[in-house]
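*Asks:* Please read through the structure below; I'll follow up with questions.
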Amino acid sequence: MIVALAAVCVLAAGRGQVPISPSEVAGSLLHRLGLDLGPMPSAVQGENALWLVRFPRVVLAVIVGASLGCAGALMQGVFGNPLAEPGVVGVSAGAAVGAAAAIVSGVTFLGGWTTAAAAFAGGIVTTFIVYGMSRAGGRTEVVTLVLTGVAVNATAGALLGLLMFLTDDDGVRAIAFWQLGSLAQATWGAVAVAGPCALAGLAVAVALSRRLDLLALGERPARHLGVDTERLRITAIVVTALLTASAVAFTGIISFVGLIVPHLIRMVAGPGHRVLVPASALGGAVVVVTGDLIARTAIEYQELPLGVLTAVVGGPAFFWLLRRTRARAGGWG
């Protein structure tokens, strides 16, 4: 997964209106590290294209993909449900509402961190709402989880529409950007804000992996083995909100990454979270970098919204998972 991520990052950095070969991309990176190895970009403005446009975009794509993939794995472990995912259950939409509210109101009390903090607040409130409403009798019901997600997404969509009605043209464009999802506004400043949030969330998620494995045995066996299940769930929910906020704050809603990637990793490597969580982060990064590469190069001189592209692929995958889960449960009647 690490090799695949490195390869797709180099490829993505070299593709665009100014073509740069993989060897020139590697040479530019090594040159910045003080190593005069490999050729430098030969295209006019090639060096500027790499360091001002493409590298920030690729790095932010890695951060967003890793955050969403890891958040999906955490949510599925906490809810005990393979259908849980920040976009499906409305956490991404809640974070987007928080970020959009900060943009429309013009609040800047935390400087460059204001939008990310508002997204975190929206994400964590939504996550606790979903958690509280989908649990019954000590377990999470599939139907309740899906219906709660539908309700939360609908409510978030209405709030975003209200904010669009109340704001000016610039605010409308900004909120439309949140709803579609894109990496077009990636900058090193965005990387500097999203990166620490994502790294902190990923570190805590990896630390929780062993206890999530014990939680998968059931609440009572996990408690007998010394796991404080309620504290574990609350910690995982806060980490999920932090990871989702770091992804949504600068890219908008990018759905289904946290659903598809952990499921594919689980099929290959098994359900153990000590492998699943870091592998889902790497897999999510690979998916988002690849998706962004397709989004900006599939149509010449135009860019597809990344959130729309992932939804086109993720929607059918979610439908298949829904039917598969229902068949295994013997129906929900």
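All residue names refer to the structure tokens as shown: chains lettered A, B, ... in order, residues numbered from 1 in each chain, ligands numbered from 1 in order.
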Write out as a PDB file with N, CA and C atoms, in the first residue's frame the set of residues from region 81-201 of chain A that DSSP, computed on the backbone, places in strand (DSSP E).

*Replies:*
ATOM      1  N   ARG A 135     -28.632   3.294  18.487  1.00  0.00           N
ATOM      2  CA  ARG A 135     -28.418   2.213  19.448  1.00  0.00           C
ATOM      3  C   ARG A 135     -29.715   1.878  20.168  1.00  0.00           C
ATOM      4  N   ALA A 136     -29.968   0.583  20.309  1.00  0.00           N
ATOM      5  CA  ALA A 136     -31.141   0.101  21.024  1.00  0.00           C
ATOM      6  C   ALA A 136     -30.810  -1.249  21.636  1.00  0.00           C
ATOM      7  N   ARG A 139     -27.090  -2.505  21.214  1.00  0.00           N
ATOM      8  CA  ARG A 139     -26.511  -2.789  19.908  1.00  0.00           C
ATOM      9  C   ARG A 139     -27.017  -1.772  18.891  1.00  0.00           C
ATOM     10  N   THR A 140     -26.310  -1.702  17.770  1.00  0.00           N
ATOM     11  CA  THR A 140     -26.668  -0.770  16.710  1.00  0.00           C
ATOM     12  C   THR A 140     -27.480  -1.488  15.645  1.00  0.00           C
TER      13      THR A 140
END

*Asks:* Pull the closest atom pair for each residue of region 202-307 of chain A that gets at most 12 Å from region 186-189 of chain A, along with the distance in Å to one decimal, counting only C-alpha atoms, ordering rows by chain and then ascending residue number, as a Markdown table.

*Replies:*
| residue | atom | partner | partner_atom | distance |
| --- | --- | --- | --- | --- |
| A:Ala247 | CA | A:Ala186 | CA | 11.6 |
| A:Ala249 | CA | A:Ala186 | CA | 11.0 |
| A:Phe250 | CA | A:Ala186 | CA | 7.3 |
| A:Thr251 | CA | A:Ala186 | CA | 7.9 |
| A:Gly252 | CA | A:Ala186 | CA | 11.5 |
| A:Asp292 | CA | A:Ala186 | CA | 11.6 |

*Asks:* Could those selected residues go to a file with N, CA, C and O atoms, as a tab-separated table (two decimals), in the first residue's frame?

*Replies:*
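Heads up, here's the output in result.tsv:
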chain	number	residue	atom	x	y	z
A	247	ALA	N	-10.82	16.48	6.93
A	247	ALA	CA	-11.04	16.20	5.51
A	247	ALA	C	-12.02	17.18	4.89
A	247	ALA	O	-11.79	17.74	3.81
A	249	ALA	N	-13.08	20.18	5.96
A	249	ALA	CA	-12.88	21.61	6.15
A	249	ALA	C	-12.36	22.33	4.91
A	249	ALA	O	-12.64	23.50	4.71
A	250	PHE	N	-11.59	21.64	4.07
A	250	PHE	CA	-11.00	22.31	2.90
A	250	PHE	C	-11.39	21.67	1.57
A	250	PHE	O	-10.99	22.17	0.52
A	251	THR	N	-12.17	20.60	1.61
A	251	THR	CA	-12.50	19.91	0.35
A	251	THR	C	-13.99	19.75	0.13
A	251	THR	O	-14.41	19.42	-0.98
A	252	GLY	N	-14.81	19.95	1.14
A	252	GLY	CA	-16.22	19.68	1.00
A	252	GLY	C	-16.51	18.19	1.21
A	252	GLY	O	-15.66	17.42	1.65
A	292	ASP	N	-8.81	12.15	-7.61
A	292	ASP	CA	-8.55	13.54	-7.96
A	292	ASP	C	-7.80	13.64	-9.29
A	292	ASP	O	-8.05	14.55	-10.09

*Asks:* Using only C-alpha atoms, find the one residue out of A:Gly181, A:Pro39, A:Pro56, A:Gly77 that sits nearest to His263 (chain A).

*Replies:*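 Selected residue with least distance to His263 (chain A): A:Gly77.
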
*Asks:* Got a sec to tell me which of region 84-188 of chain A DSSP assigns to alpha helix (DSSP H), as a PyMOL selection string?

*Replies:* chain A and resi 91-105+114-134+142-166+169-180+188

*Asks:* Just the selected residues (C-alpha atoms), exported as a short mmCIF file (atom, residue, chain, number, x, y, z; two decimals), in the first residue's frame, please.

*Replies:*
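Ended up saving to again_17.cif:
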data_model
loop_
_atom_site.label_atom_id
_atom_site.label_comp_id
_atom_site.auth_asym_id
_atom_site.auth_seq_id
_atom_site.Cartn_x
_atom_site.Cartn_y
_atom_site.Cartn_z
CA VAL A 91 -21.24 13.13 9.73
CA SER A 92 -19.60 14.71 6.66
CA ALA A 93 -22.75 16.75 5.97
CA GLY A 94 -22.86 17.92 9.59
CA ALA A 95 -19.22 18.99 9.42
CA ALA A 96 -19.94 20.81 6.16
CA VAL A 97 -22.80 22.70 7.81
CA GLY A 98 -20.48 23.81 10.59
CA ALA A 99 -17.85 24.97 8.11
CA ALA A 100 -20.42 26.73 5.92
CA ALA A 101 -21.88 28.52 8.95
CA ALA A 102 -18.42 29.82 9.83
CA ILE A 103 -17.88 31.02 6.26
CA VAL A 104 -21.27 32.77 5.99
CA SER A 105 -21.04 34.42 9.42
CA THR A 114 -11.79 28.72 12.45
CA THR A 115 -13.30 26.76 9.56
CA ALA A 116 -11.73 23.50 10.71
CA ALA A 117 -12.96 24.10 14.29
CA ALA A 118 -16.50 24.80 13.06
CA ALA A 119 -16.40 21.66 10.92
CA PHE A 120 -15.20 19.67 13.95
CA ALA A 121 -18.05 21.02 16.07
CA GLY A 122 -20.63 20.17 13.41
CA GLY A 123 -19.13 16.73 12.89
CA ILE A 124 -18.98 15.78 16.56
CA VAL A 125 -22.56 16.93 17.25
CA THR A 126 -23.79 14.91 14.28
CA THR A 127 -21.78 11.86 15.32
CA PHE A 128 -23.26 11.83 18.83
CA ILE A 129 -26.77 12.26 17.39
CA VAL A 130 -26.27 9.28 15.08
CA TYR A 131 -24.71 7.24 17.88
CA GLY A 132 -27.56 7.95 20.29
CA MET A 133 -30.37 7.35 17.82
CA SER A 134 -29.04 4.17 16.23
CA VAL A 142 -28.79 -1.51 10.64
CA VAL A 143 -32.12 -0.03 9.61
CA THR A 144 -31.99 2.66 12.30
CA LEU A 145 -28.43 3.58 11.31
CA VAL A 146 -29.32 3.97 7.63
CA LEU A 147 -32.53 5.89 8.33
CA THR A 148 -30.75 8.16 10.80
CA GLY A 149 -28.18 8.90 8.11
CA VAL A 150 -30.94 9.73 5.63
CA ALA A 151 -32.57 12.10 8.12
CA VAL A 152 -29.30 13.78 9.08
CA ASN A 153 -28.25 14.27 5.45
CA ALA A 154 -31.67 15.73 4.61
CA THR A 155 -31.52 18.13 7.56
CA ALA A 156 -27.96 19.15 6.70
CA GLY A 157 -28.99 19.75 3.09
CA ALA A 158 -31.84 21.99 4.26
CA LEU A 159 -29.50 23.96 6.54
CA LEU A 160 -26.98 24.39 3.71
CA GLY A 161 -29.82 25.62 1.48
CA LEU A 162 -30.89 28.11 4.16
CA LEU A 163 -27.33 29.39 4.51
CA MET A 164 -27.15 29.80 0.71
CA PHE A 165 -30.38 31.84 0.84
CA LEU A 166 -29.02 34.10 3.59
CA ASP A 169 -22.93 35.32 -4.22
CA ASP A 170 -19.49 34.50 -2.82
CA GLY A 171 -21.07 32.56 0.01
CA VAL A 172 -23.31 30.67 -2.42
CA ARG A 173 -20.29 29.62 -4.46
CA ALA A 174 -18.42 28.55 -1.32
CA ILE A 175 -21.34 26.43 -0.07
CA ALA A 176 -21.84 24.89 -3.52
CA PHE A 177 -18.18 23.92 -3.36
CA TRP A 178 -18.81 22.17 -0.03
CA GLN A 179 -21.71 20.19 -1.45
CA LEU A 180 -19.81 18.96 -4.52
CA TRP A 188 0.09 24.75 1.64
#

*Asks:* Counting only C-alpha atoms, what is within 10 Å of region 317-320 of chain A, bar same-chain residues fewer than 2 positions away, as a list in words?

*Replies:*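 Once the nearby chain positions are removed, what remains is Leu83, Val88, Phe256, Leu259, Ile260, Ala311, Val312, Val313, Gly314, Gly315, Leu322, Arg323, Arg324, Thr325 and Arg326 of chain A.
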
*Asks:* Find, counting only C-alpha atoms, the residue in A:Ala281, A:Ala245, A:Val191, A:Leu183 that gets nearest to Leu304 (chain A).

*Replies:*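 Closest to Leu304 (chain A) of all the choices is A:Leu183.
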
*Asks:* So what do you get for CA of Leu217 (chain A) versus CA of Ala205 (chain A), distance-wise?

*Replies:*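 Separation of CA of Leu217 (chain A) and CA of Ala205 (chain A): 18.5 Å.
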
*Asks:* Of the candidates A:Leu50, A:Val288, A:Ile20, A:Ala327, which shows the shortest atom-to-atom distance to Ser67 (chain A), using only C-alpha atoms?

*Replies:*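 Answer, going by the shortest atom-to-atom distance: A:Val288.
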
*Asks:* Could you give me, as a PyMOL selection string, the residues within 12 Å of Leu264 (chain A), counting only C-alpha atoms and dropping anything in the same chain fewer than 6 positions from it?

*Replies:* chain A and resi 69+72-73+82+257-258+270-271+276+279-280+283-284+287+317+321

*Asks:* Give me, please, the distance in Å between CA of Ala198 (chain A) and CA of Leu243 (chain A), quoted to one decimal.

*Replies:*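 Between CA of Ala198 (chain A) and CA of Leu243 (chain A) the gap works out to 5.5 Å.
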
*Asks:* Could you jot down the CA of Gly38 (chain A) to CA of Ala13 (chain A) separation for me, Å, one decimal place?

*Replies:*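 That distance, rounded to one decimal, is 15.9 Å.
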
*Asks:* Taking into account only C-alpha atoms, which residue in the set A:Val261, A:Ala241, A:Val89, A:Leu11 is nearest to Ala285 (chain A)?

*Replies:* A:Val261
